[in-house]
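Novice: Dropping a structure here in structure tokens format, bear with me for questions.
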Amino acid sequence: MALLLINLTPDNLPSFLWLWRIAAWSMGLSVTCYGLLAVLGLLWRSQRQSRQRSTSPWIRRLHFGLGVLLVLLVLGLLLIGLVGTLGHYGSLGHSWHLPAGLTVVGLTLISAWSASQIHPQRPWARPLHLRMNVALGVALILVSLSGWSVVQKYLP
């Protein structure tokens, strides 16, 4: 991996347009995934609060699967951003997109971890999971806005 990052210079890499297309699609999928997770989470919560004996197993499985997909998409976007920025500029930190992106990564990982901790014996986990997801929604908006301005720099 270190060797790969050392060789990333604007002189020896092709156009990054294909990379930004992958990033745009991944970001769109991430936002869609987040929205579906929110809807499923609200459905799951309403079933739990209506005192049904159990929630629909498909909601739980789909929520879990989409959560895993969101984590993978966010980590993929992190990798694309690091490779693309290092390849184009040779260094990081050229806009507020980096801290916004790192915030999204952190919130996503904390949300996933807190979801794995939800249990009747750990009453703190569910509220933490919900708070992280509200913050993640705001962070996704900010990273989308900052990403739009970053991608404009790379377009011919």
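Numbering starts fresh at 1 for the residues of each chain in the structure tokens, the chains themselves are lettered A, B, ... in the order given, and ligands are numbered from 1 as they appear.
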Could you go through stretch 14-154 of chain A and tell me which residues DSSP, when run on the backbone, assigns to alpha helix (DSSP H), listing them as a VMD selection string?
Specialist: chain A and resid 17 to 49 57 to 89 97 to 117 125 to 154
Novice: Take the selection from the previous step and output its residues with C-alpha atoms, as a compact mmCIF listing (two decimals), in the first residue's frame.
Specialist:
```txt
# COMPACT_ATOMS: atom_id res chain seq x y z
CA LEU A 17 -12.29 11.43 -14.36
CA TRP A 18 -13.16 7.71 -14.08
CA LEU A 19 -12.33 7.82 -10.36
CA TRP A 20 -14.64 10.78 -9.77
CA ARG A 21 -17.44 8.99 -11.60
CA ILE A 22 -17.05 6.03 -9.25
CA ALA A 23 -17.02 8.45 -6.30
CA ALA A 24 -20.17 10.21 -7.50
CA TRP A 25 -22.05 6.92 -7.92
CA SER A 26 -20.76 5.67 -4.56
CA MET A 27 -21.85 8.88 -2.86
CA GLY A 28 -25.28 8.66 -4.45
CA LEU A 29 -25.59 5.05 -3.31
CA SER A 30 -24.42 6.02 0.18
CA VAL A 31 -27.06 8.73 0.52
CA THR A 32 -29.72 6.35 -0.85
CA CYS A 33 -28.58 3.65 1.53
CA TYR A 34 -28.71 6.10 4.44
CA GLY A 35 -32.27 7.09 3.50
CA LEU A 36 -33.39 3.47 3.26
CA LEU A 37 -31.75 2.72 6.60
CA ALA A 38 -33.63 5.64 8.17
CA VAL A 39 -36.97 4.42 6.80
CA LEU A 40 -36.31 0.84 7.91
CA GLY A 41 -35.12 2.03 11.31
CA LEU A 42 -38.29 4.04 11.81
CA LEU A 43 -40.39 1.04 10.73
CA TRP A 44 -38.52 -1.20 13.14
CA ARG A 45 -38.96 1.33 15.93
CA SER A 46 -42.70 1.71 15.30
CA GLN A 47 -43.13 -2.07 15.40
CA ARG A 48 -41.20 -2.25 18.67
CA GLN A 49 -43.18 0.59 20.24
CA PRO A 57 -37.29 -10.48 10.37
CA TRP A 58 -36.93 -9.03 6.88
CA ILE A 59 -36.73 -5.50 8.29
CA ARG A 60 -33.97 -6.52 10.66
CA ARG A 61 -31.99 -8.42 7.99
CA LEU A 62 -32.36 -5.67 5.40
CA HIS A 63 -31.41 -2.97 7.93
CA PHE A 64 -28.31 -4.93 8.92
CA GLY A 65 -27.34 -5.64 5.30
CA LEU A 66 -27.77 -2.02 4.24
CA GLY A 67 -25.76 -0.94 7.28
CA VAL A 68 -22.87 -3.16 6.20
CA LEU A 69 -23.20 -1.81 2.65
CA LEU A 70 -23.08 1.79 3.93
CA VAL A 71 -19.90 1.08 5.90
CA LEU A 72 -18.28 -0.47 2.81
CA LEU A 73 -19.35 2.43 0.58
CA VAL A 74 -18.04 5.03 3.02
CA LEU A 75 -14.71 3.25 3.40
CA GLY A 76 -14.50 2.95 -0.40
CA LEU A 77 -15.15 6.66 -0.74
CA LEU A 78 -12.41 7.36 1.79
CA LEU A 79 -9.98 5.29 -0.27
CA ILE A 80 -11.04 6.96 -3.53
CA GLY A 81 -10.64 10.40 -1.97
CA LEU A 82 -7.21 9.66 -0.58
CA VAL A 83 -5.91 8.08 -3.78
CA GLY A 84 -7.44 10.75 -6.00
CA THR A 85 -6.25 13.69 -3.94
CA LEU A 86 -2.75 12.32 -3.43
CA GLY A 87 -2.57 11.44 -7.12
CA HIS A 88 -3.76 14.84 -8.29
CA TYR A 89 -2.08 17.13 -5.74
CA HIS A 97 -13.90 18.12 2.25
CA LEU A 98 -11.23 16.11 4.12
CA PRO A 99 -12.49 16.90 7.64
CA ALA A 100 -16.10 16.52 6.46
CA GLY A 101 -15.27 13.14 4.93
CA LEU A 102 -13.37 11.95 8.00
CA THR A 103 -16.35 12.99 10.12
CA VAL A 104 -18.66 10.86 7.94
CA VAL A 105 -16.29 7.90 8.24
CA GLY A 106 -16.06 8.29 12.02
CA LEU A 107 -19.81 8.68 12.52
CA THR A 108 -20.52 5.71 10.25
CA LEU A 109 -18.12 3.48 12.17
CA ILE A 110 -19.44 4.61 15.57
CA SER A 111 -23.00 4.05 14.36
CA ALA A 112 -22.14 0.53 13.16
CA TRP A 113 -20.35 -0.27 16.41
CA SER A 114 -23.17 1.10 18.56
CA ALA A 115 -25.69 -0.93 16.53
CA SER A 116 -23.75 -4.06 17.42
CA GLN A 117 -24.04 -3.12 21.10
CA ALA A 125 -26.48 1.77 22.87
CA ARG A 126 -29.77 2.50 21.08
CA PRO A 127 -29.83 6.26 21.90
CA LEU A 128 -26.15 6.50 20.89
CA HIS A 129 -26.92 4.73 17.60
CA LEU A 130 -29.81 7.12 16.90
CA ARG A 131 -27.78 10.23 17.77
CA MET A 132 -24.90 9.11 15.56
CA ASN A 133 -27.31 8.59 12.67
CA VAL A 134 -28.83 12.06 13.03
CA ALA A 135 -25.32 13.54 13.07
CA LEU A 136 -24.40 11.32 10.12
CA GLY A 137 -27.29 12.76 8.11
CA VAL A 138 -26.00 16.30 8.68
CA ALA A 139 -22.44 15.21 7.90
CA LEU A 140 -23.55 13.55 4.66
CA ILE A 141 -25.11 16.83 3.56
CA LEU A 142 -21.91 18.73 4.37
CA VAL A 143 -19.63 16.20 2.68
CA SER A 144 -21.89 16.25 -0.40
CA LEU A 145 -21.67 20.04 -0.62
CA SER A 146 -17.92 20.12 -0.10
CA GLY A 147 -17.46 17.20 -2.50
CA TRP A 148 -19.30 19.05 -5.24
CA SER A 149 -16.85 21.95 -5.00
CA VAL A 150 -13.88 19.56 -4.95
CA VAL A 151 -14.99 17.62 -8.02
CA GLN A 152 -15.40 20.90 -9.93
CA LYS A 153 -11.63 21.43 -9.59
CA TYR A 154 -10.90 18.16 -11.38
```
